[in-house]
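For reference, coords_10.cif is printed below; it contains mmCIF, N, CA and C atoms.
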data_final
#
loop_
_atom_site.label_atom_id
_atom_site.label_comp_id
_atom_site.auth_asym_id
_atom_site.auth_seq_id
_atom_site.Cartn_x
_atom_site.Cartn_y
_atom_site.Cartn_z
N MET A 260 85.02 214.03 105.64
CA MET A 260 85.53 212.80 106.23
C MET A 260 84.35 212.02 106.82
N THR A 261 84.34 210.74 106.62
CA THR A 261 83.25 209.93 107.15
C THR A 261 83.65 209.26 108.45
N ASP A 262 82.65 208.97 109.25
CA ASP A 262 82.84 208.31 110.54
C ASP A 262 83.24 206.85 110.29
N PRO A 263 84.38 206.40 110.86
CA PRO A 263 84.82 205.02 110.62
C PRO A 263 83.87 203.97 111.20
N GLU A 264 83.00 204.37 112.13
CA GLU A 264 82.05 203.44 112.73
C GLU A 264 80.73 203.38 111.96
N LEU A 265 80.61 204.14 110.89
CA LEU A 265 79.39 204.21 110.11
C LEU A 265 79.14 202.89 109.39
N THR A 266 77.93 202.37 109.50
CA THR A 266 77.58 201.14 108.81
C THR A 266 77.20 201.45 107.36
N TYR A 267 77.17 200.42 106.55
CA TYR A 267 76.74 200.56 105.16
C TYR A 267 75.33 201.14 105.10
N GLU A 268 74.45 200.62 105.95
CA GLU A 268 73.06 201.06 105.97
C GLU A 268 72.95 202.53 106.36
N ASP A 269 73.73 202.94 107.37
CA ASP A 269 73.73 204.34 107.78
C ASP A 269 74.27 205.23 106.66
N ALA A 270 75.31 204.76 105.98
CA ALA A 270 75.92 205.54 104.90
C ALA A 270 74.93 205.73 103.75
N THR A 271 74.22 204.68 103.38
CA THR A 271 73.26 204.81 102.28
C THR A 271 72.09 205.72 102.68
N ALA A 272 71.67 205.65 103.94
CA ALA A 272 70.60 206.54 104.40
C ALA A 272 71.06 208.00 104.35
N ARG A 273 72.31 208.24 104.76
CA ARG A 273 72.84 209.60 104.72
C ARG A 273 72.97 210.08 103.28
N LEU A 274 73.39 209.19 102.38
CA LEU A 274 73.48 209.55 100.96
C LEU A 274 72.11 209.95 100.42
N GLU A 275 71.08 209.22 100.79
CA GLU A 275 69.73 209.57 100.35
C GLU A 275 69.34 210.95 100.84
N ALA A 276 69.69 211.27 102.10
CA ALA A 276 69.38 212.58 102.66
C ALA A 276 70.15 213.68 101.91
N ILE A 277 71.40 213.41 101.59
CA ILE A 277 72.21 214.39 100.85
C ILE A 277 71.60 214.63 99.48
N ILE A 278 71.21 213.56 98.80
CA ILE A 278 70.62 213.70 97.46
C ILE A 278 69.34 214.50 97.52
N LYS A 279 68.49 214.24 98.52
CA LYS A 279 67.24 215.01 98.66
C LYS A 279 67.54 216.48 98.87
N ARG A 280 68.55 216.77 99.72
CA ARG A 280 68.90 218.16 99.98
C ARG A 280 69.41 218.83 98.72
N LEU A 281 70.26 218.15 97.97
CA LEU A 281 70.78 218.73 96.73
C LEU A 281 69.67 218.90 95.70
N ASP A 282 68.78 217.93 95.60
CA ASP A 282 67.67 218.01 94.65
C ASP A 282 66.68 219.12 94.99
N SER A 283 66.62 219.49 96.27
CA SER A 283 65.67 220.51 96.68
C SER A 283 66.02 221.88 96.12
N GLY A 284 67.28 222.07 95.78
CA GLY A 284 67.71 223.36 95.26
C GLY A 284 67.86 224.42 96.34
N GLU A 285 67.72 224.03 97.59
CA GLU A 285 67.78 224.99 98.70
C GLU A 285 69.19 225.15 99.27
N ALA A 286 70.10 224.27 98.93
CA ALA A 286 71.46 224.35 99.46
C ALA A 286 72.22 225.44 98.73
N GLY A 287 72.94 226.24 99.50
CA GLY A 287 73.78 227.27 98.91
C GLY A 287 75.03 226.65 98.30
N LEU A 288 75.84 227.47 97.71
CA LEU A 288 77.04 227.00 97.02
C LEU A 288 78.00 226.28 97.97
N ARG A 289 78.29 226.89 99.11
CA ARG A 289 79.23 226.28 100.05
C ARG A 289 78.66 224.99 100.63
N GLU A 290 77.36 224.99 100.96
CA GLU A 290 76.74 223.77 101.49
C GLU A 290 76.75 222.67 100.44
N THR A 291 76.50 223.02 99.20
CA THR A 291 76.53 222.05 98.11
C THR A 291 77.91 221.41 98.00
N LEU A 292 78.95 222.22 98.10
CA LEU A 292 80.31 221.69 98.05
C LEU A 292 80.56 220.73 99.20
N GLU A 293 80.17 221.11 100.40
CA GLU A 293 80.37 220.25 101.58
C GLU A 293 79.57 218.95 101.45
N LEU A 294 78.34 219.04 100.97
CA LEU A 294 77.53 217.84 100.79
C LEU A 294 78.14 216.90 99.74
N CYS A 295 78.67 217.49 98.68
CA CYS A 295 79.32 216.67 97.65
C CYS A 295 80.56 215.97 98.19
N LYS A 296 81.34 216.68 98.99
CA LYS A 296 82.52 216.06 99.61
C LYS A 296 82.11 214.92 100.53
N GLU A 297 81.11 215.18 101.37
CA GLU A 297 80.64 214.14 102.28
C GLU A 297 80.09 212.95 101.50
N GLY A 298 79.32 213.24 100.46
CA GLY A 298 78.74 212.18 99.64
C GLY A 298 79.81 211.32 98.99
N ARG A 299 80.87 211.95 98.52
CA ARG A 299 81.95 211.18 97.89
C ARG A 299 82.58 210.21 98.89
N GLY A 300 82.81 210.67 100.11
CA GLY A 300 83.35 209.80 101.14
C GLY A 300 82.41 208.64 101.46
N LEU A 301 81.13 208.93 101.49
CA LEU A 301 80.14 207.89 101.76
C LEU A 301 80.07 206.87 100.63
N VAL A 302 80.15 207.34 99.40
CA VAL A 302 80.15 206.43 98.25
C VAL A 302 81.37 205.52 98.31
N GLU A 303 82.52 206.08 98.66
CA GLU A 303 83.74 205.27 98.78
C GLU A 303 83.60 204.22 99.88
N LEU A 304 83.01 204.62 101.01
CA LEU A 304 82.78 203.68 102.11
C LEU A 304 81.86 202.54 101.65
N CYS A 305 80.78 202.89 100.96
CA CYS A 305 79.84 201.87 100.49
C CYS A 305 80.50 200.94 99.47
N ALA A 306 81.28 201.50 98.57
CA ALA A 306 81.96 200.68 97.57
C ALA A 306 82.92 199.71 98.23
N THR A 307 83.64 200.17 99.25
CA THR A 307 84.57 199.31 99.97
C THR A 307 83.82 198.18 100.66
N GLU A 308 82.70 198.51 101.30
CA GLU A 308 81.90 197.49 101.98
C GLU A 308 81.35 196.46 100.98
N LEU A 309 80.84 196.93 99.86
CA LEU A 309 80.30 196.01 98.85
C LEU A 309 81.39 195.10 98.28
N GLU A 310 82.57 195.67 98.08
CA GLU A 310 83.69 194.86 97.58
C GLU A 310 84.06 193.78 98.58
N ALA A 311 84.10 194.13 99.87
CA ALA A 311 84.45 193.16 100.91
C ALA A 311 83.41 192.05 100.98
N VAL A 312 82.14 192.42 100.89
CA VAL A 312 81.08 191.41 100.93
C VAL A 312 81.16 190.53 99.68
N GLY A 313 81.40 191.13 98.54
CA GLY A 313 81.54 190.36 97.30
C GLY A 313 82.69 189.38 97.37
N GLN A 314 83.79 189.82 97.94
CA GLN A 314 84.96 188.93 98.10
C GLN A 314 84.60 187.77 99.02
N GLY A 315 83.90 188.07 100.12
CA GLY A 315 83.48 187.02 101.04
C GLY A 315 82.57 186.01 100.38
N LEU A 316 81.65 186.50 99.56
CA LEU A 316 80.74 185.60 98.84
C LEU A 316 81.50 184.74 97.84
N GLN A 317 82.46 185.34 97.17
CA GLN A 317 83.27 184.58 96.22
C GLN A 317 84.04 183.48 96.93
N GLU A 318 84.60 183.79 98.09
CA GLU A 318 85.33 182.78 98.85
C GLU A 318 84.41 181.66 99.29
N LEU A 319 83.19 182.00 99.69
CA LEU A 319 82.22 180.97 100.07
C LEU A 319 81.90 180.05 98.89
N ARG A 320 81.72 180.64 97.73
CA ARG A 320 81.43 179.83 96.54
C ARG A 320 82.59 178.91 96.21
N LEU A 321 83.82 179.40 96.37
CA LEU A 321 84.98 178.56 96.11
C LEU A 321 85.06 177.42 97.11
N ASP A 322 84.75 177.72 98.38
CA ASP A 322 84.74 176.67 99.40
C ASP A 322 83.69 175.62 99.08
N GLU A 323 82.52 176.06 98.61
CA GLU A 323 81.46 175.11 98.24
C GLU A 323 81.89 174.25 97.06
N LEU A 324 82.56 174.86 96.10
CA LEU A 324 83.04 174.12 94.93
C LEU A 324 84.06 173.06 95.34
N VAL A 325 84.99 173.43 96.21
CA VAL A 325 86.00 172.49 96.68
C VAL A 325 85.31 171.33 97.40
N THR A 326 84.34 171.63 98.23
CA THR A 326 83.61 170.58 98.96
C THR A 326 82.91 169.64 97.98
N ARG A 327 82.25 170.20 96.98
CA ARG A 327 81.56 169.36 95.99
C ARG A 327 82.54 168.48 95.23
N LEU A 328 83.69 169.05 94.86
CA LEU A 328 84.69 168.28 94.13
C LEU A 328 85.25 167.16 95.00
N GLN A 329 85.47 167.43 96.29
CA GLN A 329 85.98 166.42 97.19
C GLN A 329 84.94 165.32 97.41
N GLU A 330 83.69 165.68 97.51
CA GLU A 330 82.62 164.68 97.68
C GLU A 330 82.49 163.82 96.42
N GLY A 331 82.65 164.44 95.26
CA GLY A 331 82.56 163.70 94.00
C GLY A 331 83.72 162.74 93.81
N ALA A 332 84.88 163.10 94.36
CA ALA A 332 86.06 162.25 94.23
C ALA A 332 86.07 161.10 95.23
N GLY A 333 85.27 161.25 96.28
CA GLY A 333 85.30 160.24 97.35
C GLY A 333 84.32 159.19 97.25
#
Now that the file is in, can you turn its structure into structure tokens?
Amino acid sequence: MTDPELTYEDATARLEAIIKRLDSGEAGLRETLELCKEGRGLVELCATELEAVGQGLQELRLDELVTRLQEGAG
């Protein structure tokens, strides 16, 4: 389970740490499973954040388009 207060930047930093630990080959089987579970939650958090930002950017572009169309009509 991921911390609901975790920022996108913190989540990506933690994902990098998880990947380094897994790549090291030093994690045991149970630790590997726990890291994979944590990583999956972090990836989902990051995807949700990126989607929200993308939606916000799309809305901004639509607002800009409406403004340009209104200026062109006036």
**Asked** If you count all atoms listed in the file, which residues fall within 8 Å of Thr271 (chain A), apart from same-chain ones fewer than 6 positions away, as a count of residues only?
**Response** 5
**Message:** Taking only C-alpha atoms into account, name the residue in A:Ile278, A:Leu309, A:Ala270, A:Leu316 that is nearest to Thr291 (chain A).
**Reply:**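 Closest residue, counting only C-alpha atoms: A:Ile278.
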**Complete:** Between CA of Val312 (chain A) and CA of Glu297 (chain A) lies a distance of 22.8 Å
**Item:** Point-to-point distance in Å for atom N of Gln317 (chain A) and atom N of Gly298 (chain A)
**Value:**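 Atom N of Gln317 (chain A) lies at a distance of 28.3 Å from atom N of Gly298 (chain A).
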**Asked** What is the distance between CA of Glu293 (chain A) and atom N of Glu310 (chain A), in Å to one decimal?
**Response**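 A separation of 24.9 Å between them.
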**Request:** Could you give me the residues within chain A that DSSP places in alpha helix (DSSP H), as a ChimeraX atom specification?
**Result:** /A:267-283,288-332
